[in-house]
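Here is coords-v9.cif, consisting of mmCIF, C-alpha atoms:
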```
data_my_file
loop_
_atom_site.group_PDB
_atom_site.id
_atom_site.type_symbol
_atom_site.label_atom_id
_atom_site.label_comp_id
_atom_site.auth_asym_id
_atom_site.auth_seq_id
_atom_site.Cartn_x
_atom_site.Cartn_y
_atom_site.Cartn_z
ATOM 1 C CA MET D 1 -19.760 8.963 18.822
ATOM 2 C CA ILE D 2 -18.053 10.436 15.788
ATOM 3 C CA GLY D 3 -17.081 13.626 17.538
ATOM 4 C CA THR D 4 -15.831 12.003 20.738
ATOM 5 C CA THR D 5 -14.048 9.143 19.054
ATOM 6 C CA GLY D 6 -12.550 11.373 16.408
ATOM 7 C CA LYS D 7 -11.164 13.608 19.119
ATOM 8 C CA ARG D 8 -9.524 10.706 20.891
ATOM 9 C CA ILE D 9 -8.056 9.181 17.758
ATOM 10 C CA GLY D 10 -6.889 12.661 16.794
ATOM 11 C CA ALA D 11 -4.874 12.880 19.976
ATOM 12 C CA ALA D 12 -2.936 9.758 19.056
ATOM 13 C CA THR D 13 -2.574 10.871 15.436
ATOM 14 C CA THR D 14 -1.282 14.293 16.417
ATOM 15 C CA ALA D 15 1.239 12.793 18.789
ATOM 16 C CA LEU D 16 2.465 10.252 16.256
ATOM 17 C CA GLY D 17 2.839 12.917 13.602
ATOM 18 C CA LEU D 18 5.423 14.718 15.670
ATOM 19 C CA GLY D 19 7.883 11.960 14.760
ATOM 20 C CA LEU D 20 11.342 12.139 16.258
ATOM 21 C CA SER D 21 11.449 15.408 18.180
ATOM 22 C CA LEU D 22 12.084 17.009 21.514
ATOM 23 C CA ALA D 23 9.155 18.351 23.456
ATOM 24 C CA ALA D 24 9.445 21.722 25.115
ATOM 25 C CA CYS D 25 11.378 21.519 28.353
ATOM 26 C CA SER D 26 11.938 23.786 31.309
ATOM 27 C CA SER D 27 14.034 23.801 34.429
ATOM 28 C CA GLY D 28 12.996 24.421 38.000
ATOM 29 C CA GLU D 29 14.797 26.662 40.418
ATOM 30 C CA GLY D 30 15.898 23.762 42.603
ATOM 31 C CA SER D 31 18.988 21.709 41.997
ATOM 32 C CA GLY D 32 17.588 18.171 42.081
ATOM 33 C CA GLU D 33 20.456 15.763 42.710
ATOM 34 C CA SER D 34 23.522 17.551 43.986
ATOM 35 C CA GLY D 35 26.018 18.536 41.303
ATOM 36 C CA GLY D 36 26.289 17.586 37.638
ATOM 37 C CA ASP D 37 23.868 17.918 34.737
ATOM 38 C CA GLN D 38 20.291 17.798 36.028
ATOM 39 C CA THR D 39 18.680 17.126 32.636
ATOM 40 C CA ILE D 40 16.745 13.867 32.316
ATOM 41 C CA THR D 41 15.548 12.652 28.907
ATOM 42 C CA LEU D 42 12.432 10.497 28.776
ATOM 43 C CA GLY D 43 11.858 8.430 25.635
ATOM 44 C CA ILE D 44 8.376 7.543 24.423
ATOM 45 C CA ILE D 45 6.427 6.325 21.426
ATOM 46 C CA PRO D 46 3.767 9.065 21.523
ATOM 47 C CA SER D 47 0.973 7.020 19.963
ATOM 48 C CA TRP D 48 1.367 4.502 22.815
ATOM 49 C CA THR D 49 -0.586 6.469 25.342
ATOM 50 C CA ASP D 50 0.686 4.678 28.443
ATOM 51 C CA GLY D 51 4.117 6.152 27.722
ATOM 52 C CA LEU D 52 2.702 9.530 26.747
ATOM 53 C CA SER D 53 0.737 9.797 29.990
ATOM 54 C CA THR D 54 3.473 8.613 32.334
ATOM 55 C CA ALA D 55 6.183 10.693 30.648
ATOM 56 C CA TYR D 56 4.281 13.928 31.181
ATOM 57 C CA LEU D 57 3.423 12.820 34.701
ATOM 58 C CA TRP D 58 7.113 12.385 35.515
ATOM 59 C CA LYS D 59 7.999 15.606 33.700
ATOM 60 C CA ASN D 60 5.667 17.503 36.021
ATOM 61 C CA VAL D 61 6.843 15.764 39.189
ATOM 62 C CA LEU D 62 10.555 16.012 38.430
ATOM 63 C CA GLU D 63 10.480 19.613 37.278
ATOM 64 C CA GLU D 64 8.766 20.496 40.550
ATOM 65 C CA ASP D 65 11.848 18.972 42.206
ATOM 66 C CA GLY D 66 14.216 21.121 40.163
ATOM 67 C CA TYR D 67 15.187 18.884 37.269
ATOM 68 C CA THR D 68 15.078 19.742 33.595
ATOM 69 C CA VAL D 69 13.081 17.102 31.733
ATOM 70 C CA GLU D 70 13.099 16.550 27.978
ATOM 71 C CA ILE D 71 10.677 14.217 26.246
ATOM 72 C CA GLN D 72 12.072 12.570 23.126
ATOM 73 C CA GLU D 73 9.434 11.134 20.815
ATOM 74 C CA ILE D 74 10.374 8.123 18.679
ATOM 75 C CA ASN D 75 8.096 6.249 16.305
ATOM 76 C CA ASP D 76 9.137 2.684 17.043
ATOM 77 C CA ALA D 77 10.353 0.489 19.888
ATOM 78 C CA ALA D 78 13.628 -0.643 18.309
ATOM 79 C CA PRO D 79 15.305 2.792 18.117
ATOM 80 C CA LEU D 80 13.878 3.659 21.536
ATOM 81 C CA TYR D 81 15.625 0.682 23.131
ATOM 82 C CA THR D 82 18.773 1.416 21.156
ATOM 83 C CA GLY D 83 18.775 4.990 22.437
ATOM 84 C CA LEU D 84 18.160 3.790 25.978
ATOM 85 C CA ALA D 85 21.024 1.302 25.834
ATOM 86 C CA GLU D 86 23.398 3.839 24.302
ATOM 87 C CA GLY D 87 22.548 6.519 26.858
ATOM 88 C CA ASP D 88 20.876 8.949 24.451
ATOM 89 C CA ILE D 89 17.676 8.373 26.453
ATOM 90 C CA ASP D 90 17.773 8.232 30.232
ATOM 91 C CA VAL D 91 14.413 6.606 30.994
ATOM 92 C CA TYR D 92 11.684 4.781 29.104
ATOM 93 C CA PRO D 93 8.868 5.388 31.632
ATOM 94 C CA SER D 94 6.397 2.773 30.428
ATOM 95 C CA ALA D 95 8.139 -0.289 29.004
ATOM 96 C CA TRP D 96 6.814 -3.839 28.609
ATOM 97 C CA PRO D 97 10.016 -5.832 29.304
ATOM 98 C CA GLU D 98 8.564 -9.052 30.724
ATOM 99 C CA VAL D 99 6.793 -10.363 27.612
ATOM 100 C CA THR D 100 6.046 -7.809 24.903
ATOM 101 C CA HIS D 101 9.532 -6.289 24.765
ATOM 102 C CA ALA D 102 11.398 -9.365 25.968
ATOM 103 C CA ALA D 103 13.321 -9.629 22.695
ATOM 104 C CA TYR D 104 14.634 -6.086 23.121
ATOM 105 C CA MET D 105 15.641 -6.868 26.684
ATOM 106 C CA ASP D 106 17.509 -9.944 25.463
ATOM 107 C CA GLU D 107 19.409 -7.718 23.057
ATOM 108 C CA TYR D 108 19.950 -4.597 25.152
ATOM 109 C CA GLY D 109 19.328 -5.693 28.734
ATOM 110 C CA ASP D 110 22.977 -5.547 29.794
ATOM 111 C CA ASP D 111 22.934 -1.800 29.194
ATOM 112 C CA ILE D 112 19.560 -1.143 30.819
ATOM 113 C CA GLU D 113 18.456 -0.793 34.452
ATOM 114 C CA ASP D 114 15.007 -1.940 35.511
ATOM 115 C CA LEU D 115 13.781 0.582 38.085
ATOM 116 C CA GLY D 116 10.595 -1.325 38.853
ATOM 117 C CA ALA D 117 6.996 -1.865 37.740
ATOM 118 C CA TYR D 118 4.370 0.833 38.254
ATOM 119 C CA TYR D 119 1.468 -1.286 36.943
ATOM 120 C CA ASP D 120 1.214 -5.072 37.081
ATOM 121 C CA ASN D 121 -1.760 -6.180 34.978
ATOM 122 C CA ALA D 122 -0.870 -5.228 31.403
ATOM 123 C CA LYS D 123 -1.797 -7.644 28.625
ATOM 124 C CA LEU D 124 -1.820 -7.994 24.858
ATOM 125 C CA THR D 125 -5.081 -8.854 23.129
ATOM 126 C CA ILE D 126 -6.757 -9.665 19.850
ATOM 127 C CA ALA D 127 -10.125 -7.927 19.899
ATOM 128 C CA VAL D 128 -13.374 -7.654 17.960
ATOM 129 C CA PRO D 129 -16.470 -5.459 18.299
ATOM 130 C CA GLU D 130 -18.978 -6.684 20.872
ATOM 131 C CA TYR D 131 -21.510 -7.424 18.129
ATOM 132 C CA SER D 132 -19.126 -9.956 16.548
ATOM 133 C CA GLU D 133 -19.942 -13.667 16.716
ATOM 134 C CA LEU D 134 -16.312 -14.466 17.471
ATOM 135 C CA ARG D 135 -15.410 -15.435 21.023
ATOM 136 C CA SER D 136 -11.958 -17.005 20.708
ATOM 137 C CA ILE D 137 -8.914 -16.687 18.480
ATOM 138 C CA GLU D 138 -9.694 -20.262 17.483
ATOM 139 C CA ASP D 139 -12.920 -18.975 15.915
ATOM 140 C CA LEU D 140 -10.882 -17.126 13.277
ATOM 141 C CA VAL D 141 -10.045 -20.434 11.599
ATOM 142 C CA GLY D 142 -12.185 -20.810 8.491
ATOM 143 C CA ARG D 143 -13.369 -17.193 8.598
ATOM 144 C CA SER D 144 -10.582 -15.368 6.745
ATOM 145 C CA ALA D 145 -12.778 -14.674 3.705
ATOM 146 C CA ASP D 146 -15.219 -12.764 5.918
ATOM 147 C CA TYR D 147 -12.456 -10.380 7.023
ATOM 148 C CA ASP D 148 -10.382 -10.118 3.836
ATOM 149 C CA GLY D 149 -7.856 -12.261 5.673
ATOM 150 C CA LYS D 150 -6.632 -9.260 7.691
ATOM 151 C CA ILE D 151 -5.973 -8.698 11.358
ATOM 152 C CA VAL D 152 -5.506 -4.922 11.612
ATOM 153 C CA GLY D 153 -2.357 -4.220 13.594
ATOM 154 C CA ILE D 154 -0.189 -1.359 14.767
ATOM 155 C CA GLU D 155 3.481 -0.403 14.277
ATOM 156 C CA ALA D 156 5.752 -2.997 12.670
ATOM 157 C CA GLY D 157 8.290 -2.822 15.521
ATOM 158 C CA ALA D 158 5.786 -3.236 18.340
ATOM 159 C CA GLY D 159 6.076 -6.235 20.632
ATOM 160 C CA LEU D 160 2.376 -6.874 20.038
ATOM 161 C CA THR D 161 3.081 -7.102 16.311
ATOM 162 C CA LYS D 162 5.897 -9.576 16.872
ATOM 163 C CA ALA D 163 3.766 -11.716 19.204
ATOM 164 C CA THR D 164 0.900 -11.789 16.718
ATOM 165 C CA GLN D 165 3.092 -12.656 13.743
ATOM 166 C CA GLU D 166 5.384 -15.164 15.421
ATOM 167 C CA GLN D 167 3.088 -16.771 17.997
ATOM 168 C CA VAL D 168 -0.627 -16.173 17.464
ATOM 169 C CA ILE D 169 -0.822 -16.750 13.714
ATOM 170 C CA PRO D 170 1.326 -19.925 13.561
ATOM 171 C CA GLN D 171 0.077 -21.464 16.832
ATOM 172 C CA TYR D 172 -3.546 -21.189 15.734
ATOM 173 C CA GLY D 173 -2.763 -22.136 12.128
ATOM 174 C CA LEU D 174 -4.133 -18.851 10.835
ATOM 175 C CA ASP D 175 -1.433 -18.596 8.182
ATOM 176 C CA GLU D 176 -2.738 -21.833 6.656
ATOM 177 C CA ASP D 177 -6.206 -20.300 6.555
ATOM 178 C CA GLY D 178 -5.119 -17.181 4.667
ATOM 179 C CA TRP D 179 -4.876 -14.767 7.591
ATOM 180 C CA GLU D 180 -2.135 -12.143 7.808
ATOM 181 C CA LEU D 181 -1.354 -9.248 10.097
ATOM 182 C CA GLN D 182 -1.703 -5.852 8.457
ATOM 183 C CA THR D 183 0.846 -3.588 10.132
ATOM 184 C CA SER D 184 0.191 0.133 10.130
ATOM 185 C CA SER D 185 0.177 2.474 13.125
ATOM 186 C CA THR D 186 -1.852 2.842 16.281
ATOM 187 C CA PRO D 187 -3.853 5.801 14.907
ATOM 188 C CA ALA D 188 -4.525 3.951 11.640
ATOM 189 C CA MET D 189 -5.733 0.884 13.544
ATOM 190 C CA LEU D 190 -8.012 3.044 15.694
ATOM 191 C CA ASN D 191 -9.433 4.787 12.632
ATOM 192 C CA ALA D 192 -10.176 1.427 11.014
ATOM 193 C CA LEU D 193 -11.837 0.233 14.224
ATOM 194 C CA ASP D 194 -13.880 3.425 14.482
ATOM 195 C CA GLU D 195 -15.102 3.157 10.894
ATOM 196 C CA ALA D 196 -16.012 -0.506 11.305
ATOM 197 C CA VAL D 197 -17.920 0.076 14.552
ATOM 198 C CA GLN D 198 -19.871 2.989 13.119
ATOM 199 C CA ALA D 199 -20.852 0.849 10.118
ATOM 200 C CA GLN D 200 -21.449 -2.225 12.300
ATOM 201 C CA GLU D 201 -18.964 -4.144 10.181
ATOM 202 C CA ASP D 202 -16.735 -7.021 11.248
ATOM 203 C CA ILE D 203 -13.101 -6.305 12.069
ATOM 204 C CA VAL D 204 -10.277 -7.978 14.022
ATOM 205 C CA VAL D 205 -7.641 -5.752 15.601
ATOM 206 C CA THR D 206 -4.645 -6.023 17.887
ATOM 207 C CA LEU D 207 -5.142 -4.174 21.197
ATOM 208 C CA TRP D 208 -3.726 -4.120 24.705
ATOM 209 C CA ARG D 209 -4.625 -3.247 28.253
ATOM 210 C CA PRO D 210 -4.415 -0.741 29.810
ATOM 211 C CA PHE D 211 -5.514 1.451 26.905
ATOM 212 C CA TRP D 212 -8.309 4.016 26.697
ATOM 213 C CA ALA D 213 -9.700 2.527 23.480
ATOM 214 C CA ASN D 214 -11.048 -0.453 25.424
ATOM 215 C CA ASN D 215 -13.428 1.891 27.213
ATOM 216 C CA THR D 216 -14.210 4.095 24.225
ATOM 217 C CA PHE D 217 -15.090 1.401 21.706
ATOM 218 C CA PRO D 218 -17.514 -1.492 22.228
ATOM 219 C CA VAL D 219 -14.837 -4.180 21.938
ATOM 220 C CA ARG D 220 -14.296 -7.637 23.397
ATOM 221 C CA ASP D 221 -11.029 -9.510 23.842
ATOM 222 C CA LEU D 222 -10.926 -12.858 22.079
ATOM 223 C CA GLU D 223 -10.062 -15.751 24.357
ATOM 224 C CA ASP D 224 -6.534 -17.066 23.896
ATOM 225 C CA PRO D 225 -6.702 -20.713 25.019
ATOM 226 C CA LYS D 226 -3.205 -21.468 23.727
ATOM 227 C CA GLY D 227 -1.704 -18.544 25.641
ATOM 228 C CA ALA D 228 0.004 -17.294 22.486
ATOM 229 C CA LEU D 229 -0.060 -13.682 23.653
ATOM 230 C CA GLY D 230 1.455 -14.528 27.010
ATOM 231 C CA GLU D 231 0.315 -13.812 30.535
ATOM 232 C CA ALA D 232 -0.393 -10.424 32.068
ATOM 233 C CA GLU D 233 2.793 -8.462 32.676
ATOM 234 C CA GLY D 234 4.043 -5.352 34.399
ATOM 235 C CA LEU D 235 4.696 -1.911 32.962
ATOM 236 C CA HIS D 236 8.182 -0.841 34.055
ATOM 237 C CA GLU D 237 10.367 2.222 34.183
ATOM 238 C CA LEU D 238 13.585 1.280 32.384
ATOM 239 C CA ALA D 239 16.710 3.429 32.595
ATOM 240 C CA THR D 240 20.058 3.520 30.873
ATOM 241 C CA ALA D 241 22.801 1.733 32.796
ATOM 242 C CA GLY D 242 24.236 3.901 35.563
ATOM 243 C CA PHE D 243 21.145 6.063 35.931
ATOM 244 C CA SER D 244 20.447 5.054 39.539
ATOM 245 C CA GLU D 245 23.980 6.088 40.498
ATOM 246 C CA GLU D 246 23.677 9.450 38.772
ATOM 247 C CA PHE D 247 20.107 10.118 39.902
ATOM 248 C CA PRO D 248 19.518 8.004 43.036
ATOM 249 C CA GLU D 249 16.580 10.083 44.278
ATOM 250 C CA VAL D 250 14.762 9.842 40.950
ATOM 251 C CA ALA D 251 15.467 6.115 40.719
ATOM 252 C CA GLU D 252 14.009 5.655 44.198
ATOM 253 C CA MET D 253 10.876 7.636 43.342
ATOM 254 C CA MET D 254 10.325 5.583 40.199
ATOM 255 C CA ALA D 255 10.805 2.378 42.162
ATOM 256 C CA ASN D 256 8.125 3.544 44.614
ATOM 257 C CA ALA D 257 5.635 4.547 41.915
ATOM 258 C CA LYS D 258 2.486 2.404 41.635
ATOM 259 C CA LEU D 259 -0.728 3.083 39.744
ATOM 260 C CA SER D 260 -3.986 1.221 40.331
ATOM 261 C CA ASP D 261 -6.439 0.528 37.499
ATOM 262 C CA GLU D 262 -8.567 3.457 38.638
ATOM 263 C CA GLN D 263 -5.608 5.834 38.878
ATOM 264 C CA TYR D 264 -4.204 4.775 35.534
ATOM 265 C CA GLY D 265 -7.579 4.991 33.790
ATOM 266 C CA SER D 266 -8.277 8.502 35.056
ATOM 267 C CA LEU D 267 -4.761 9.682 34.163
ATOM 268 C CA GLU D 268 -4.889 8.419 30.584
ATOM 269 C CA ASP D 269 -8.422 9.716 30.052
ATOM 270 C CA LEU D 270 -7.419 13.219 31.165
ATOM 271 C CA VAL D 271 -4.196 13.247 29.137
ATOM 272 C CA VAL D 272 -5.481 11.707 25.907
ATOM 273 C CA ASN D 273 -9.130 12.691 25.824
ATOM 274 C CA GLU D 274 -10.128 15.531 28.108
ATOM 275 C CA HIS D 275 -7.046 17.627 27.308
ATOM 276 C CA GLU D 276 -6.417 16.620 23.710
ATOM 277 C CA GLY D 277 -3.113 17.933 22.416
ATOM 278 C CA ASP D 278 -2.041 19.276 25.810
ATOM 279 C CA PRO D 279 -0.859 16.316 27.905
ATOM 280 C CA ALA D 280 0.753 18.625 30.455
ATOM 281 C CA ALA D 281 -2.658 20.105 31.242
ATOM 282 C CA GLY D 282 -4.134 16.638 31.615
ATOM 283 C CA VAL D 283 -1.417 15.717 34.096
ATOM 284 C CA GLU D 284 -1.977 18.905 36.073
ATOM 285 C CA ALA D 285 -5.685 18.102 36.329
ATOM 286 C CA TRP D 286 -4.916 14.574 37.495
ATOM 287 C CA LEU D 287 -2.374 15.669 40.083
ATOM 288 C CA ALA D 288 -4.861 18.142 41.533
ATOM 289 C CA ASP D 289 -6.868 15.138 42.745
ATOM 290 C CA ASN D 290 -3.946 12.778 43.409
ATOM 291 C CA GLN D 291 -1.466 14.566 45.629
ATOM 292 C CA ASP D 292 -1.342 11.423 47.767
ATOM 293 C CA TRP D 293 0.251 9.626 44.811
ATOM 294 C CA VAL D 294 3.043 12.211 44.695
ATOM 295 C CA ASP D 295 3.522 11.832 48.427
ATOM 296 C CA SER D 296 3.827 8.065 48.014
ATOM 297 C CA LEU D 297 6.893 8.491 45.792
ATOM 298 C CA GLN D 298 8.937 9.273 48.873
ATOM 299 C CA GLY D 299 8.115 5.855 50.301
#
```
What do you get writing this file as C-alpha cells?
Amino acid sequence: MIGTTGKRIGAATTALGLGLSLAACSSGEGSGESGGDQTITLGIIPSWTDGLSTAYLWKNVLEEDGYTVEIQEINDAAPLYTGLAEGDIDVYPSAWPEVTHAAYMDEYGDDIEDLGAYYDNAKLTIAVPEYSELRSIEDLVGRSADYDGKIVGIEAGAGLTKATQEQVIPQYGLDEDGWELQTSSTPAMLNALDEAVQAQEDIVVTLWRPFWANNTFPVRDLEDPKGALGEAEGLHELATAGFSEEFPEVAEMMANAKLSDEQYGSLEDLVVNEHEGDPAAGVEAWLADNQDWVDSLQG
C-alpha cells in the first residue's frame, strides 16, 4: 500500500508544487474558429484532480481541432475565479458553482458564463477510515479529545473548507466541543490520511466525490443528517463572459460533454495514478478507449 498510495499522493503533491505557472502548450495545424486569436487558457487548481484530468482532456481534444491550449495552474479558488471574471482565464473546466463555489458565483457570476455540467453527482463529505466507530457527523460530539480536536482539511480557499467552517462545525455544535478545522493542502491531507490508515489510527478528514482517494483508501463518508454540506451538485465548465461568442464551437462542445461515473473514474485513475506526472499520457490512454465520447461532443 505504501508504494501505490505514495505514488498517487505524489502526483497531487507534484502538481501542487508547480504553483502559478503555464503548462507547455502547442498549436495544431487547423484554424479552429475562423479568424482571431485561437489560444484558449484553461485555469485549474492542480491538486484538485477533477480539474487536472478534465483540463488535459480538453487540451487534447481542442488541440486536435487546431486550437492552442494553455493550462494555467493556480493554488486557490479565489484567484482562479478572479482570473476567470477578469478574462485572464478563458475556462475553468471543472467548477463547483451550485453549492461549493456558490459564494464565488455570487461575487463574480455577472462576468462568468456557465457552459453546462459534465457530471451531476458531485458531493462534499466528512470522512473517516472504515475501521472507525464513527458513523455520523453527530458522533463527533464529545469525541474531540480522541482526535486532538482536529478535522484535517485542505486549502483555506476551498469551498469545502468554507462549508466545513461555516456550516458543519456550527450546525453540529462542534466548536463548543473543541473541534476545529485544520486547513492545509490536498496533498498534506492525503499524507495525513495515508499515515493514519497505515497505523490504524483514528482521523477525520474533509473529502469529496468524485475523487480517486475514495477508491484508494478504506474510507467511509459520515452521514450528514442536518444537510450541512449540501446536496449533490454538478461539475460545470465555466467561461469568462463573452467566450461563447468568441468560441461558439468550443462552447457547444463543452455544453455537450457528459461523463458517467465509470468514465470519470477511469479518466482520473489514468491521469493521476497510472501515468503519474504525465497527465497528457493518461488522457491519451483514456481517449484510445473512449472515441465515442469525443464523437458525442458534436451532439
Taking the file as shown, find all residues satisfying the PyMOL selection byres ((chain D and resi 204) around 10) and write them as a PDB file with C-alpha atoms, keeping the file's coordinate frame.
```
ATOM      1  CA  ILE D 126      -6.757  -9.665  19.850  1.00  0.00           C
ATOM      2  CA  ALA D 127     -10.125  -7.927  19.899  1.00  0.00           C
ATOM      3  CA  VAL D 128     -13.374  -7.654  17.960  1.00  0.00           C
ATOM      4  CA  PRO D 129     -16.470  -5.459  18.299  1.00  0.00           C
ATOM      5  CA  SER D 132     -19.126  -9.956  16.548  1.00  0.00           C
ATOM      6  CA  LEU D 134     -16.312 -14.466  17.471  1.00  0.00           C
ATOM      7  CA  ILE D 137      -8.914 -16.687  18.480  1.00  0.00           C
ATOM      8  CA  LEU D 140     -10.882 -17.126  13.277  1.00  0.00           C
ATOM      9  CA  TYR D 147     -12.456 -10.380   7.023  1.00  0.00           C
ATOM     10  CA  GLY D 149      -7.856 -12.261   5.673  1.00  0.00           C
ATOM     11  CA  LYS D 150      -6.632  -9.260   7.691  1.00  0.00           C
ATOM     12  CA  ILE D 151      -5.973  -8.698  11.358  1.00  0.00           C
ATOM     13  CA  VAL D 152      -5.506  -4.922  11.612  1.00  0.00           C
ATOM     14  CA  GLY D 153      -2.357  -4.220  13.594  1.00  0.00           C
ATOM     15  CA  LEU D 181      -1.354  -9.248  10.097  1.00  0.00           C
ATOM     16  CA  MET D 189      -5.733   0.884  13.544  1.00  0.00           C
ATOM     17  CA  ALA D 192     -10.176   1.427  11.014  1.00  0.00           C
ATOM     18  CA  LEU D 193     -11.837   0.233  14.224  1.00  0.00           C
ATOM     19  CA  ALA D 196     -16.012  -0.506  11.305  1.00  0.00           C
ATOM     20  CA  ASP D 202     -16.735  -7.021  11.248  1.00  0.00           C
ATOM     21  CA  ILE D 203     -13.101  -6.305  12.069  1.00  0.00           C
ATOM     22  CA  VAL D 205      -7.641  -5.752  15.601  1.00  0.00           C
ATOM     23  CA  THR D 206      -4.645  -6.023  17.887  1.00  0.00           C
ATOM     24  CA  LEU D 207      -5.142  -4.174  21.197  1.00  0.00           C
ATOM     25  CA  VAL D 219     -14.837  -4.180  21.938  1.00  0.00           C
ATOM     26  CA  ASP D 221     -11.029  -9.510  23.842  1.00  0.00           C
ATOM     27  CA  LEU D 222     -10.926 -12.858  22.079  1.00  0.00           C
TER      28      LEU D 222
END
```
_Surrounding residues of Tyr119 in chain D excluding itself and chain neighbours under 4 positions, 6 Å, all atoms listed in the file, as a ChimeraX atom specification_ = /D:234-235,259
One decimal place gives the CA of Val272 in chain D-CA of Val69 in chain D separation as 20.2 Å
field: Selection dump of the PyMOL selection byres ((chain D and resi 269) around 10), as JSON, numbers by chain
entry: {"D": [8, 49, 53, 211, 212, 213, 215, 216, 264, 265, 266, 267, 268, 270, 271, 272, 273, 274, 275, 276, 282, 286]}
Residues just named, written with C-alpha atoms as a compact mmCIF listing (two decimals), keeping the file's coordinate frame:
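Done, and the output landed in part30.txt:
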```
# COMPACT_ATOMS: atom_id res chain seq x y z
CA ARG D 8 -9.52 10.71 20.89
CA THR D 49 -0.59 6.47 25.34
CA SER D 53 0.74 9.80 29.99
CA PHE D 211 -5.51 1.45 26.90
CA TRP D 212 -8.31 4.02 26.70
CA ALA D 213 -9.70 2.53 23.48
CA ASN D 215 -13.43 1.89 27.21
CA THR D 216 -14.21 4.10 24.22
CA TYR D 264 -4.20 4.78 35.53
CA GLY D 265 -7.58 4.99 33.79
CA SER D 266 -8.28 8.50 35.06
CA LEU D 267 -4.76 9.68 34.16
CA GLU D 268 -4.89 8.42 30.58
CA LEU D 270 -7.42 13.22 31.16
CA VAL D 271 -4.20 13.25 29.14
CA VAL D 272 -5.48 11.71 25.91
CA ASN D 273 -9.13 12.69 25.82
CA GLU D 274 -10.13 15.53 28.11
CA HIS D 275 -7.05 17.63 27.31
CA GLU D 276 -6.42 16.62 23.71
CA GLY D 282 -4.13 16.64 31.62
CA TRP D 286 -4.92 14.57 37.49
```
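What the PyMOL selection byres ((chain D and resi 79-83) around 9) matches in the given file is Gly43, Ile44, Ile45, Glu73, Ile74, Asn75, Asp76, Ala77, Ala78, Leu84, Ala85, Glu86, Gly87, Asp88, Ile89, Asp90, Tyr92, Tyr104, Met105, Tyr108, Ile112 and Thr240 of chain D.
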Let's have the selection written as a JSON list (two decimals), in the coordinates of the input, with C-alpha atoms.
```json
[["chain", "number", "residue", "atom", "x", "y", "z"],
["D", 43, "GLY", "CA", 11.86, 8.43, 25.64],
["D", 44, "ILE", "CA", 8.38, 7.54, 24.42],
["D", 45, "ILE", "CA", 6.43, 6.32, 21.43],
["D", 73, "GLU", "CA", 9.43, 11.13, 20.82],
["D", 74, "ILE", "CA", 10.37, 8.12, 18.68],
["D", 75, "ASN", "CA", 8.10, 6.25, 16.30],
["D", 76, "ASP", "CA", 9.14, 2.68, 17.04],
["D", 77, "ALA", "CA", 10.35, 0.49, 19.89],
["D", 78, "ALA", "CA", 13.63, -0.64, 18.31],
["D", 84, "LEU", "CA", 18.16, 3.79, 25.98],
["D", 85, "ALA", "CA", 21.02, 1.30, 25.83],
["D", 86, "GLU", "CA", 23.40, 3.84, 24.30],
["D", 87, "GLY", "CA", 22.55, 6.52, 26.86],
["D", 88, "ASP", "CA", 20.88, 8.95, 24.45],
["D", 89, "ILE", "CA", 17.68, 8.37, 26.45],
["D", 90, "ASP", "CA", 17.77, 8.23, 30.23],
["D", 92, "TYR", "CA", 11.68, 4.78, 29.10],
["D", 104, "TYR", "CA", 14.63, -6.09, 23.12],
["D", 105, "MET", "CA", 15.64, -6.87, 26.68],
["D", 108, "TYR", "CA", 19.95, -4.60, 25.15],
["D", 112, "ILE", "CA", 19.56, -1.14, 30.82],
["D", 240, "THR", "CA", 20.06, 3.52, 30.87]]
```
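Here the question is which of D:Thr125, D:Ser244, D:Thr54, D:Ser144 gets nearest to Gly178 in chain D using all atoms listed in the file, and that residue is D:Ser144.
Proximity to Ser260 in chain D was assessed for D:Ile71, D:Leu42, D:Leu52, D:Ala117 counting only C-alpha atoms; the smallest distance is recorded for D:Ala117.
Ranking D:Gly51, D:Gly142, D:Gly299, D:Gly159 by their shortest atom-to-atom distance to Asn256 in chain D, with all atoms listed in the file included, puts D:Gly299 first.
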Which polymer residues have any atom within 12 Å of an atom of Gly116 in chain D, counting all atoms listed in the file, with same-chain residues fewer than 6 positions away left out, as a PDB file with C-alpha atoms, keeping the file's coordinate frame?
```pdb
ATOM      1  CA  VAL D  91      14.413   6.606  30.994  1.00  0.00           C
ATOM      2  CA  TYR D  92      11.684   4.781  29.104  1.00  0.00           C
ATOM      3  CA  PRO D  93       8.868   5.388  31.632  1.00  0.00           C
ATOM      4  CA  SER D  94       6.397   2.773  30.428  1.00  0.00           C
ATOM      5  CA  ALA D  95       8.139  -0.289  29.004  1.00  0.00           C
ATOM      6  CA  TRP D  96       6.814  -3.839  28.609  1.00  0.00           C
ATOM      7  CA  PRO D  97      10.016  -5.832  29.304  1.00  0.00           C
ATOM      8  CA  GLU D  98       8.564  -9.052  30.724  1.00  0.00           C
ATOM      9  CA  GLY D 234       4.043  -5.352  34.399  1.00  0.00           C
ATOM     10  CA  LEU D 235       4.696  -1.911  32.962  1.00  0.00           C
ATOM     11  CA  HIS D 236       8.182  -0.841  34.055  1.00  0.00           C
ATOM     12  CA  GLU D 237      10.367   2.222  34.183  1.00  0.00           C
ATOM     13  CA  LEU D 238      13.585   1.280  32.384  1.00  0.00           C
ATOM     14  CA  ALA D 239      16.710   3.429  32.595  1.00  0.00           C
ATOM     15  CA  SER D 244      20.447   5.054  39.539  1.00  0.00           C
ATOM     16  CA  ALA D 251      15.467   6.115  40.719  1.00  0.00           C
ATOM     17  CA  GLU D 252      14.009   5.655  44.198  1.00  0.00           C
ATOM     18  CA  MET D 253      10.876   7.636  43.342  1.00  0.00           C
ATOM     19  CA  MET D 254      10.325   5.583  40.199  1.00  0.00           C
ATOM     20  CA  ALA D 255      10.805   2.378  42.162  1.00  0.00           C
ATOM     21  CA  ASN D 256       8.125   3.544  44.614  1.00  0.00           C
ATOM     22  CA  ALA D 257       5.635   4.547  41.915  1.00  0.00           C
ATOM     23  CA  LYS D 258       2.486   2.404  41.635  1.00  0.00           C
TER      24      LYS D 258
END
```
Give the answer as one residue: which of D:Gln291, D:Gln200, D:Gln38, D:Ser136 has the shortest atom-to-atom distance to Tyr67 in chain D, using only C-alpha atoms?
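Looking only at the distances to Tyr67 in chain D, the closest residue turns out to be D:Gln38.
Among the candidates D:Asp224, D:Asp65, D:Asp292, D:Asp120, the one nearest to Asp139 in chain D when counting all atoms listed in the file is D:Asp224.
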- Task: Measure the distance from CA of Leu124 in chain D to CA of Ala285 in chain D in Å and round it to one decimal.
- Result: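 We find that CA of Leu124 in chain D and CA of Ala285 in chain D lie 28.8 Å from each other.
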